[in-house]
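Shown next: input26.txt, containing compact mmCIF, N, CA and C atoms.
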```txt
# COMPACT_ATOMS: atom_id res chain seq x y z
N MET O 1 0.84 -1.17 0.00
CA MET O 1 0.00 0.00 0.00
C MET O 1 0.89 1.25 0.00
N THR O 2 0.67 2.11 -0.93
CA THR O 2 1.44 3.34 -1.00
C THR O 2 0.87 4.36 -0.03
N ARG O 3 1.79 5.10 0.52
CA ARG O 3 1.38 6.09 1.51
C ARG O 3 1.54 7.49 0.94
N ALA O 4 0.71 8.35 1.38
CA ALA O 4 0.84 9.76 1.02
C ALA O 4 1.81 10.40 2.01
N THR O 5 2.89 10.93 1.50
CA THR O 5 3.85 11.60 2.37
C THR O 5 3.87 13.08 2.00
N THR O 6 4.19 13.84 2.96
CA THR O 6 4.31 15.27 2.77
C THR O 6 5.67 15.68 3.30
N THR O 7 6.24 16.72 2.76
CA THR O 7 7.54 17.20 3.22
C THR O 7 7.35 18.51 3.97
N ILE O 8 7.92 18.57 5.17
CA ILE O 8 7.81 19.79 5.96
C ILE O 8 9.20 20.39 6.16
N PRO O 9 9.31 21.70 6.20
CA PRO O 9 10.61 22.31 6.50
C PRO O 9 11.01 22.00 7.93
N PHE O 10 12.28 21.70 8.13
CA PHE O 10 12.72 21.29 9.45
C PHE O 10 13.59 22.34 10.13
N SER O 11 14.36 23.09 9.34
CA SER O 11 15.21 24.12 9.93
C SER O 11 15.31 25.30 8.98
N LYS O 12 15.86 26.38 9.50
CA LYS O 12 15.98 27.60 8.70
C LYS O 12 17.37 27.72 8.07
N ILE O 13 18.03 26.61 7.88
CA ILE O 13 19.35 26.62 7.26
C ILE O 13 19.20 26.90 5.78
N ARG O 14 20.03 27.82 5.27
CA ARG O 14 20.04 28.09 3.83
C ARG O 14 21.16 27.27 3.20
N PHE O 15 20.82 26.52 2.19
CA PHE O 15 21.82 25.75 1.46
C PHE O 15 22.12 26.49 0.17
N ILE O 16 23.36 26.86 -0.03
CA ILE O 16 23.76 27.60 -1.23
C ILE O 16 24.55 26.65 -2.11
N ASP O 17 24.03 26.42 -3.32
CA ASP O 17 24.66 25.44 -4.20
C ASP O 17 25.99 25.92 -4.77
N LYS O 18 25.99 27.10 -5.34
CA LYS O 18 27.21 27.57 -6.00
C LYS O 18 27.70 28.84 -5.32
N VAL O 19 28.68 28.71 -4.46
CA VAL O 19 29.31 29.88 -3.84
C VAL O 19 30.43 30.31 -4.78
N PRO O 20 30.40 31.56 -5.23
CA PRO O 20 31.44 31.99 -6.16
C PRO O 20 32.81 32.03 -5.48
N ARG O 21 33.84 31.79 -6.27
CA ARG O 21 35.20 31.90 -5.73
C ARG O 21 35.57 33.37 -5.66
N LEU O 22 36.50 33.68 -4.78
CA LEU O 22 36.93 35.07 -4.59
C LEU O 22 37.49 35.63 -5.88
N SER O 23 38.29 34.85 -6.60
CA SER O 23 38.89 35.34 -7.85
C SER O 23 37.81 35.64 -8.90
N ASP O 24 36.79 34.79 -8.99
CA ASP O 24 35.71 35.04 -9.96
C ASP O 24 34.93 36.30 -9.60
N LEU O 25 34.69 36.47 -8.32
CA LEU O 25 33.93 37.62 -7.86
C LEU O 25 34.71 38.93 -8.09
N THR O 26 35.99 38.94 -7.77
CA THR O 26 36.79 40.14 -8.00
C THR O 26 36.90 40.45 -9.50
N GLU O 27 37.02 39.41 -10.31
CA GLU O 27 37.08 39.62 -11.76
C GLU O 27 35.77 40.23 -12.28
N ARG O 28 34.65 39.74 -11.78
CA ARG O 28 33.35 40.26 -12.20
C ARG O 28 33.17 41.72 -11.78
N LEU O 29 33.56 42.04 -10.55
CA LEU O 29 33.44 43.42 -10.07
C LEU O 29 34.39 44.36 -10.80
N THR O 30 35.59 43.88 -11.10
CA THR O 30 36.55 44.70 -11.85
C THR O 30 36.02 44.98 -13.25
N GLN O 31 35.47 43.97 -13.89
CA GLN O 31 34.91 44.14 -15.23
C GLN O 31 33.77 45.15 -15.22
N LYS O 32 32.91 45.07 -14.21
CA LYS O 32 31.79 46.00 -14.10
C LYS O 32 32.27 47.43 -13.89
N LEU O 33 33.26 47.61 -13.01
CA LEU O 33 33.81 48.95 -12.78
C LEU O 33 34.44 49.50 -14.05
N TRP O 34 35.13 48.64 -14.77
CA TRP O 34 35.75 49.06 -16.02
C TRP O 34 34.69 49.53 -17.01
N GLN O 35 33.58 48.79 -17.12
CA GLN O 35 32.49 49.18 -18.02
C GLN O 35 31.88 50.51 -17.61
N ILE O 36 31.71 50.72 -16.31
CA ILE O 36 31.14 51.97 -15.81
C ILE O 36 32.06 53.13 -16.15
N ARG O 37 33.35 52.95 -15.94
CA ARG O 37 34.31 54.03 -16.22
C ARG O 37 34.40 54.33 -17.71
N ILE O 38 34.35 53.32 -18.56
CA ILE O 38 34.37 53.55 -20.01
C ILE O 38 33.14 54.36 -20.42
N GLU O 39 31.99 53.98 -19.87
CA GLU O 39 30.75 54.69 -20.18
C GLU O 39 30.82 56.15 -19.70
N GLN O 40 31.38 56.39 -18.53
CA GLN O 40 31.53 57.75 -18.02
C GLN O 40 32.44 58.56 -18.93
N ASN O 41 33.51 57.94 -19.41
CA ASN O 41 34.45 58.66 -20.27
C ASN O 41 33.81 58.99 -21.63
N ARG O 42 32.90 58.16 -22.09
CA ARG O 42 32.21 58.45 -23.36
C ARG O 42 31.28 59.64 -23.20
N HIS O 43 30.58 59.69 -22.06
CA HIS O 43 29.61 60.76 -21.85
C HIS O 43 30.25 62.05 -21.36
N GLU O 44 31.37 61.97 -20.71
CA GLU O 44 32.04 63.17 -20.17
C GLU O 44 33.50 63.16 -20.59
N PRO O 45 33.80 63.46 -21.86
CA PRO O 45 35.19 63.40 -22.32
C PRO O 45 36.08 64.47 -21.69
N HIS O 46 35.49 65.54 -21.17
CA HIS O 46 36.31 66.58 -20.54
C HIS O 46 36.98 66.11 -19.26
N ARG O 47 36.53 64.98 -18.71
CA ARG O 47 37.14 64.45 -17.49
C ARG O 47 38.50 63.82 -17.77
N MET O 48 38.73 63.41 -19.05
CA MET O 48 40.03 62.81 -19.40
C MET O 48 41.01 63.93 -19.69
N SER O 49 42.25 63.70 -19.37
CA SER O 49 43.25 64.76 -19.50
C SER O 49 43.59 65.08 -20.96
N ASP O 50 43.82 64.06 -21.78
CA ASP O 50 44.23 64.33 -23.15
C ASP O 50 43.14 64.06 -24.18
N GLY O 51 41.96 63.64 -23.77
CA GLY O 51 40.85 63.44 -24.68
C GLY O 51 40.86 62.10 -25.40
N THR O 52 41.83 61.25 -25.14
CA THR O 52 41.87 59.93 -25.77
C THR O 52 41.38 58.88 -24.79
N PRO O 53 40.77 57.82 -25.30
CA PRO O 53 40.31 56.77 -24.38
C PRO O 53 41.47 56.12 -23.65
N HIS O 54 41.28 55.87 -22.37
CA HIS O 54 42.31 55.24 -21.56
C HIS O 54 42.20 53.72 -21.64
N SER O 55 43.28 53.04 -21.35
CA SER O 55 43.21 51.57 -21.25
C SER O 55 42.60 51.20 -19.91
N SER O 56 42.24 49.94 -19.76
CA SER O 56 41.60 49.51 -18.52
C SER O 56 42.55 49.64 -17.34
N HIS O 57 43.86 49.58 -17.58
CA HIS O 57 44.83 49.69 -16.49
C HIS O 57 44.82 51.10 -15.91
N VAL O 58 44.59 52.09 -16.76
CA VAL O 58 44.55 53.47 -16.28
C VAL O 58 43.20 53.75 -15.62
N LEU O 59 42.14 53.13 -16.11
CA LEU O 59 40.81 53.38 -15.56
C LEU O 59 40.66 52.80 -14.16
N ILE O 60 41.35 51.71 -13.89
CA ILE O 60 41.25 51.06 -12.58
C ILE O 60 42.64 51.06 -11.95
N VAL O 61 42.75 51.77 -10.84
CA VAL O 61 44.05 51.90 -10.17
C VAL O 61 44.13 50.94 -8.99
N GLY O 62 45.27 50.92 -8.32
CA GLY O 62 45.49 50.01 -7.20
C GLY O 62 44.49 50.16 -6.07
N ALA O 63 44.09 51.39 -5.79
CA ALA O 63 43.11 51.62 -4.72
C ALA O 63 41.77 50.98 -5.09
N ASP O 64 41.42 51.06 -6.37
CA ASP O 64 40.18 50.43 -6.82
C ASP O 64 40.26 48.92 -6.66
N THR O 65 41.38 48.35 -7.02
CA THR O 65 41.56 46.90 -6.92
C THR O 65 41.48 46.45 -5.46
N ALA O 66 42.09 47.20 -4.55
CA ALA O 66 42.04 46.86 -3.13
C ALA O 66 40.60 46.96 -2.61
N ARG O 67 39.87 48.00 -3.02
CA ARG O 67 38.49 48.17 -2.59
C ARG O 67 37.61 47.03 -3.12
N ILE O 68 37.84 46.64 -4.36
CA ILE O 68 37.06 45.54 -4.95
C ILE O 68 37.32 44.26 -4.19
N ARG O 69 38.57 43.99 -3.87
CA ARG O 69 38.92 42.77 -3.14
C ARG O 69 38.27 42.76 -1.75
N ARG O 70 38.32 43.90 -1.04
CA ARG O 70 37.69 43.99 0.28
C ARG O 70 36.19 43.74 0.19
N ARG O 71 35.55 44.35 -0.80
CA ARG O 71 34.10 44.18 -0.95
C ARG O 71 33.74 42.75 -1.32
N ALA O 72 34.55 42.12 -2.15
CA ALA O 72 34.29 40.73 -2.52
C ALA O 72 34.44 39.82 -1.31
N MET O 73 35.46 40.05 -0.50
CA MET O 73 35.66 39.24 0.70
C MET O 73 34.51 39.44 1.69
N ARG O 74 34.08 40.69 1.84
CA ARG O 74 32.96 40.98 2.73
C ARG O 74 31.68 40.31 2.25
N TYR O 75 31.46 40.32 0.93
CA TYR O 75 30.27 39.67 0.37
C TYR O 75 30.30 38.17 0.66
N LEU O 76 31.44 37.53 0.46
CA LEU O 76 31.54 36.09 0.70
C LEU O 76 31.36 35.76 2.18
N GLU O 77 31.91 36.60 3.06
CA GLU O 77 31.73 36.38 4.50
C GLU O 77 30.25 36.46 4.88
N ARG O 78 29.56 37.46 4.35
CA ARG O 78 28.14 37.61 4.65
C ARG O 78 27.31 36.49 4.04
N LEU O 79 27.72 36.03 2.87
CA LEU O 79 27.01 34.92 2.24
C LEU O 79 27.13 33.66 3.09
N HIS O 80 28.34 33.39 3.59
CA HIS O 80 28.55 32.22 4.44
C HIS O 80 27.82 32.36 5.78
N SER O 81 27.80 33.56 6.34
CA SER O 81 27.12 33.73 7.63
C SER O 81 25.60 33.67 7.49
N SER O 82 25.09 33.91 6.29
CA SER O 82 23.64 33.87 6.11
C SER O 82 23.10 32.44 6.06
N THR O 83 23.97 31.45 5.93
CA THR O 83 23.50 30.07 5.84
C THR O 83 23.04 29.53 7.18
N GLY O 84 23.60 30.02 8.26
CA GLY O 84 23.25 29.51 9.58
C GLY O 84 24.15 28.39 10.03
N THR O 85 25.13 28.02 9.22
CA THR O 85 26.05 26.93 9.58
C THR O 85 27.49 27.41 9.65
N GLN O 86 27.71 28.72 9.69
CA GLN O 86 29.07 29.26 9.64
C GLN O 86 29.89 28.87 10.87
N HIS O 87 29.23 28.57 11.98
CA HIS O 87 29.95 28.22 13.20
C HIS O 87 30.32 26.74 13.25
N LEU O 88 29.81 25.95 12.33
CA LEU O 88 30.06 24.51 12.33
C LEU O 88 31.27 24.14 11.49
N PRO O 89 31.99 23.10 11.89
CA PRO O 89 33.04 22.60 11.01
C PRO O 89 32.40 22.08 9.72
N GLU O 90 33.17 22.04 8.66
CA GLU O 90 32.63 21.65 7.35
C GLU O 90 32.02 20.25 7.39
N ARG O 91 32.63 19.36 8.14
CA ARG O 91 32.12 17.98 8.24
C ARG O 91 30.72 17.96 8.86
N ASP O 92 30.53 18.75 9.92
CA ASP O 92 29.22 18.79 10.57
C ASP O 92 28.17 19.47 9.70
N ALA O 93 28.58 20.50 8.98
CA ALA O 93 27.64 21.17 8.08
C ALA O 93 27.20 20.22 6.96
N ALA O 94 28.10 19.35 6.51
CA ALA O 94 27.74 18.39 5.47
C ALA O 94 26.73 17.37 5.98
N LEU O 95 26.76 17.09 7.27
CA LEU O 95 25.79 16.13 7.84
C LEU O 95 24.36 16.67 7.81
N LEU O 96 24.22 17.98 7.65
CA LEU O 96 22.89 18.59 7.65
C LEU O 96 22.23 18.60 6.28
N THR O 97 22.93 18.14 5.25
CA THR O 97 22.36 18.19 3.90
C THR O 97 21.07 17.38 3.73
N PRO O 98 20.83 16.31 4.48
CA PRO O 98 19.53 15.65 4.31
C PRO O 98 18.33 16.54 4.68
N LEU O 99 18.58 17.63 5.40
CA LEU O 99 17.50 18.54 5.78
C LEU O 99 17.18 19.56 4.70
N ARG O 100 17.91 19.52 3.58
CA ARG O 100 17.80 20.52 2.53
C ARG O 100 16.36 20.75 2.08
N ASP O 101 15.67 19.72 1.70
CA ASP O 101 14.31 19.88 1.17
C ASP O 101 13.23 19.62 2.21
N GLY O 102 13.62 19.50 3.45
CA GLY O 102 12.66 19.21 4.50
C GLY O 102 12.64 17.72 4.80
N LEU O 103 11.81 17.34 5.74
CA LEU O 103 11.72 15.94 6.13
C LEU O 103 10.36 15.38 5.73
N PRO O 104 10.37 14.15 5.23
CA PRO O 104 9.09 13.55 4.85
C PRO O 104 8.30 13.12 6.08
N VAL O 105 7.04 13.37 6.06
CA VAL O 105 6.15 13.00 7.15
C VAL O 105 5.05 12.13 6.56
N THR O 106 4.79 11.00 7.22
CA THR O 106 3.75 10.09 6.76
C THR O 106 2.69 9.95 7.83
N ARG O 107 1.53 9.67 7.41
CA ARG O 107 0.44 9.48 8.36
C ARG O 107 0.49 8.06 8.90
N ILE O 108 0.37 7.94 10.21
CA ILE O 108 0.32 6.63 10.85
C ILE O 108 -1.14 6.18 10.83
N VAL O 109 -1.37 5.02 10.22
CA VAL O 109 -2.75 4.59 9.99
C VAL O 109 -3.29 3.78 11.15
N THR O 110 -2.47 2.84 11.65
CA THR O 110 -3.00 1.96 12.70
C THR O 110 -2.24 2.14 14.00
N GLU O 111 -2.83 1.69 15.06
CA GLU O 111 -2.19 1.76 16.37
C GLU O 111 -1.00 0.81 16.42
N HIS O 112 -1.09 -0.30 15.75
CA HIS O 112 0.01 -1.27 15.69
C HIS O 112 1.25 -0.63 15.07
N GLU O 113 1.04 0.13 14.03
CA GLU O 113 2.15 0.82 13.36
C GLU O 113 2.80 1.82 14.32
N ALA O 114 2.01 2.53 15.09
CA ALA O 114 2.54 3.48 16.07
C ALA O 114 3.36 2.77 17.13
N ASP O 115 2.91 1.59 17.56
CA ASP O 115 3.66 0.81 18.55
C ASP O 115 5.00 0.35 17.99
N GLU O 116 5.03 -0.05 16.72
CA GLU O 116 6.28 -0.49 16.09
C GLU O 116 7.28 0.66 16.03
N ILE O 117 6.83 1.83 15.67
CA ILE O 117 7.71 3.00 15.59
C ILE O 117 8.23 3.36 16.98
N ALA O 118 7.37 3.33 17.99
CA ALA O 118 7.78 3.64 19.35
C ALA O 118 8.83 2.64 19.84
N ALA O 119 8.64 1.36 19.53
CA ALA O 119 9.60 0.33 19.94
C ALA O 119 10.95 0.54 19.26
N ALA O 120 10.92 0.90 17.99
CA ALA O 120 12.17 1.14 17.27
C ALA O 120 12.91 2.34 17.84
N LEU O 121 12.18 3.40 18.16
CA LEU O 121 12.81 4.58 18.75
C LEU O 121 13.38 4.27 20.13
N HIS O 122 12.65 3.52 20.91
CA HIS O 122 13.11 3.14 22.24
C HIS O 122 14.37 2.29 22.14
N ALA O 123 14.40 1.35 21.20
CA ALA O 123 15.58 0.49 21.03
C ALA O 123 16.78 1.30 20.59
N ALA O 124 16.59 2.26 19.71
CA ALA O 124 17.70 3.09 19.25
C ALA O 124 18.25 3.93 20.41
N ALA O 125 17.37 4.48 21.23
CA ALA O 125 17.81 5.28 22.37
C ALA O 125 18.53 4.40 23.39
N PHE O 126 18.03 3.19 23.61
CA PHE O 126 18.65 2.27 24.54
C PHE O 126 20.05 1.88 24.06
N LEU O 127 20.21 1.63 22.77
CA LEU O 127 21.51 1.26 22.23
C LEU O 127 22.50 2.40 22.36
N ARG O 128 22.04 3.62 22.07
CA ARG O 128 22.94 4.77 22.21
C ARG O 128 23.40 4.92 23.65
N CYS O 129 22.47 4.78 24.57
CA CYS O 129 22.78 4.92 26.00
C CYS O 129 23.74 3.82 26.45
N SER O 130 23.49 2.59 26.03
CA SER O 130 24.35 1.49 26.46
C SER O 130 25.75 1.62 25.85
N ARG O 131 25.85 2.12 24.61
CA ARG O 131 27.18 2.33 24.01
C ARG O 131 27.94 3.39 24.78
N ARG O 132 27.25 4.45 25.18
CA ARG O 132 27.90 5.53 25.91
C ARG O 132 28.41 5.01 27.26
N LYS O 133 27.58 4.23 27.95
CA LYS O 133 27.99 3.69 29.25
C LYS O 133 29.15 2.72 29.09
N ALA O 134 29.14 1.91 28.04
CA ALA O 134 30.24 0.98 27.81
C ALA O 134 31.53 1.74 27.54
N GLY O 135 31.43 2.83 26.80
CA GLY O 135 32.61 3.65 26.52
C GLY O 135 33.16 4.27 27.80
N GLN O 136 32.27 4.69 28.69
CA GLN O 136 32.72 5.26 29.96
C GLN O 136 33.38 4.20 30.82
N ARG O 137 32.84 2.98 30.80
CA ARG O 137 33.45 1.89 31.57
C ARG O 137 34.85 1.59 31.05
N TRP O 138 35.01 1.54 29.74
CA TRP O 138 36.32 1.27 29.16
C TRP O 138 37.30 2.38 29.51
N ALA O 139 36.83 3.61 29.52
CA ALA O 139 37.70 4.74 29.87
C ALA O 139 38.14 4.64 31.32
N LEU O 140 37.23 4.24 32.21
CA LEU O 140 37.58 4.10 33.62
C LEU O 140 38.56 2.95 33.85
N MET O 141 38.37 1.87 33.09
CA MET O 141 39.26 0.71 33.24
C MET O 141 40.66 1.02 32.69
N ALA O 142 40.75 1.91 31.74
CA ALA O 142 42.07 2.22 31.16
C ALA O 142 42.93 3.02 32.13
N HIS O 143 42.30 3.74 33.05
CA HIS O 143 43.08 4.55 34.00
C HIS O 143 43.51 3.74 35.13
```
Could you render the structure as structure tokens?
Amino acid sequence: MTRATTTIPFSKIRFIDKVPRLSDLTERLTQKLWQIRIEQNRHEPHRMSDGTPHSSHVLIVGADTARIRRRAMRYLERLHSSTGTQHLPERDAALLTPLRDGLPVTRIVTEHEADEIAAALHAAAFLRCSRRKAGQRWALMAH
């Protein structure tokens, strides 16, 4: 018998599939600034000293490059902090990926089915507890 399942959101973690690399982001911002400066020079030629178009190296100076890099780094930091997992080690954050689309929830039809689920949960909790106690016993015996 097929069951109707529904998926519910479980946490407010944001999963970002493609985080841009710093080099790609700085290149994109540099290209955009270059386009803006070229457009400004076309509309306001009196701003240029000799009236000839400048190369991209003259349009973007070292201070601009440093500002672009700072802004790109700040953007990436904020992007990572917006996920809600920035405080976790990468391994632990990877363990949360099953929560990406939410958790499936199924309707329990019979009381027998509810009893089976409760027994399975109880057994899992009992095993975790007994493993922890066994580990503590081994640690005490080692000293």
Could you write out as AutoDock Vina command-line options the box around range 94-109 of chain O (axis-aligned, all atoms listed in the file, 6 Å on each side), with centre and edge lengths in Å to one decimal?
```
--center_x 12.4 --center_y 12.3 --center_z 6.2 --size_x 43.4 --size_y 29.0 --size_z 22.0
```
Selection near range 76-89 of chain O, 10 Å with only C-alpha atoms, sequence-local residues under 5 positions removed, as a PDB file with N, CA and C atoms, in the coordinates of the input:
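Saved the output as result-v3.pdb:
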```
ATOM      1  N   SER O  11      14.360  23.090   9.340  1.00  0.00           N
ATOM      2  CA  SER O  11      15.210  24.120   9.930  1.00  0.00           C
ATOM      3  C   SER O  11      15.310  25.300   8.980  1.00  0.00           C
ATOM      4  N   LYS O  12      15.860  26.380   9.500  1.00  0.00           N
ATOM      5  CA  LYS O  12      15.980  27.600   8.700  1.00  0.00           C
ATOM      6  C   LYS O  12      17.370  27.720   8.070  1.00  0.00           C
ATOM      7  N   ILE O  13      18.030  26.610   7.880  1.00  0.00           N
ATOM      8  CA  ILE O  13      19.350  26.620   7.260  1.00  0.00           C
ATOM      9  C   ILE O  13      19.200  26.900   5.780  1.00  0.00           C
ATOM     10  N   ARG O  14      20.030  27.820   5.270  1.00  0.00           N
ATOM     11  CA  ARG O  14      20.040  28.090   3.830  1.00  0.00           C
ATOM     12  C   ARG O  14      21.160  27.270   3.200  1.00  0.00           C
ATOM     13  N   PHE O  15      20.820  26.520   2.190  1.00  0.00           N
ATOM     14  CA  PHE O  15      21.820  25.750   1.460  1.00  0.00           C
ATOM     15  C   PHE O  15      22.120  26.490   0.170  1.00  0.00           C
ATOM     16  N   ILE O  16      23.360  26.860  -0.030  1.00  0.00           N
ATOM     17  CA  ILE O  16      23.760  27.600  -1.230  1.00  0.00           C
ATOM     18  C   ILE O  16      24.550  26.650  -2.110  1.00  0.00           C
ATOM     19  N   VAL O  19      28.680  28.710  -4.460  1.00  0.00           N
ATOM     20  CA  VAL O  19      29.310  29.880  -3.840  1.00  0.00           C
ATOM     21  C   VAL O  19      30.430  30.310  -4.780  1.00  0.00           C
ATOM     22  N   PRO O  20      30.400  31.560  -5.230  1.00  0.00           N
ATOM     23  CA  PRO O  20      31.440  31.990  -6.160  1.00  0.00           C
ATOM     24  C   PRO O  20      32.810  32.030  -5.480  1.00  0.00           C
ATOM     25  N   ARG O  21      33.840  31.790  -6.270  1.00  0.00           N
ATOM     26  CA  ARG O  21      35.200  31.900  -5.730  1.00  0.00           C
ATOM     27  C   ARG O  21      35.570  33.370  -5.660  1.00  0.00           C
ATOM     28  N   LEU O  22      36.500  33.680  -4.780  1.00  0.00           N
ATOM     29  CA  LEU O  22      36.930  35.070  -4.590  1.00  0.00           C
ATOM     30  C   LEU O  22      37.490  35.630  -5.880  1.00  0.00           C
ATOM     31  N   LEU O  25      34.690  36.470  -8.320  1.00  0.00           N
ATOM     32  CA  LEU O  25      33.930  37.620  -7.860  1.00  0.00           C
ATOM     33  C   LEU O  25      34.710  38.930  -8.090  1.00  0.00           C
ATOM     34  N   ARG O  71      35.550  44.350  -0.800  1.00  0.00           N
ATOM     35  CA  ARG O  71      34.100  44.180  -0.950  1.00  0.00           C
ATOM     36  C   ARG O  71      33.740  42.750  -1.320  1.00  0.00           C
ATOM     37  N   ALA O  94      28.100  19.350   6.510  1.00  0.00           N
ATOM     38  CA  ALA O  94      27.740  18.390   5.470  1.00  0.00           C
ATOM     39  C   ALA O  94      26.730  17.370   5.980  1.00  0.00           C
ATOM     40  N   LEU O  96      24.220  17.980   7.650  1.00  0.00           N
ATOM     41  CA  LEU O  96      22.890  18.590   7.650  1.00  0.00           C
ATOM     42  C   LEU O  96      22.230  18.600   6.280  1.00  0.00           C
TER      43      LEU O  96
END
```
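For the atom pair formed by CA of Thr97 in chain O and atom N of Thr5 in chain O, the distance is 20.9 Å, given to one decimal.
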### Task
Determine which residues of range 20-133 of chain O receive a DSSP assignment of alpha helix (DSSP H), computed from the backbone, and state them as a VMD selection string.
chain O and resid 22 to 43 56 to 59 62 to 81 90 to 95 111 to 133
Using all atoms listed in the file, determine which residues lie at most 6 Å from range 26-42 of chain O, disregarding the query and same-chain residues fewer than 5 positions distant; provide the list as a PDB file with N, CA and C atoms, in the coordinates of the input.
```pdb
ATOM      1  N   ARG O  21      33.840  31.790  -6.270  1.00  0.00           N
ATOM      2  CA  ARG O  21      35.200  31.900  -5.730  1.00  0.00           C
ATOM      3  C   ARG O  21      35.570  33.370  -5.660  1.00  0.00           C
ATOM      4  N   ILE O  68      37.840  46.640  -4.360  1.00  0.00           N
ATOM      5  CA  ILE O  68      37.060  45.540  -4.950  1.00  0.00           C
ATOM      6  C   ILE O  68      37.320  44.260  -4.190  1.00  0.00           C
ATOM      7  N   ARG O  69      38.570  43.990  -3.870  1.00  0.00           N
ATOM      8  CA  ARG O  69      38.920  42.770  -3.140  1.00  0.00           C
ATOM      9  C   ARG O  69      38.270  42.760  -1.750  1.00  0.00           C
ATOM     10  N   ALA O  72      34.550  42.120  -2.150  1.00  0.00           N
ATOM     11  CA  ALA O  72      34.290  40.730  -2.520  1.00  0.00           C
ATOM     12  C   ALA O  72      34.440  39.820  -1.310  1.00  0.00           C
TER      13      ALA O  72
END
```
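Going from CA of Ala119 in chain O over to atom C of Pro104 in chain O, you cover 18.9 Å.
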### Query
Among range 1-120 of chain O, which residues carry a DSSP assignment of strand (DSSP E), reported as an MDAnalysis selection string?
chainID O and resid 5:8 103:106
### Query
Quick one: distance from CA of Pro9 in chain O to atom C of Pro98 in chain O in Å, one decimal?
9.8 Å
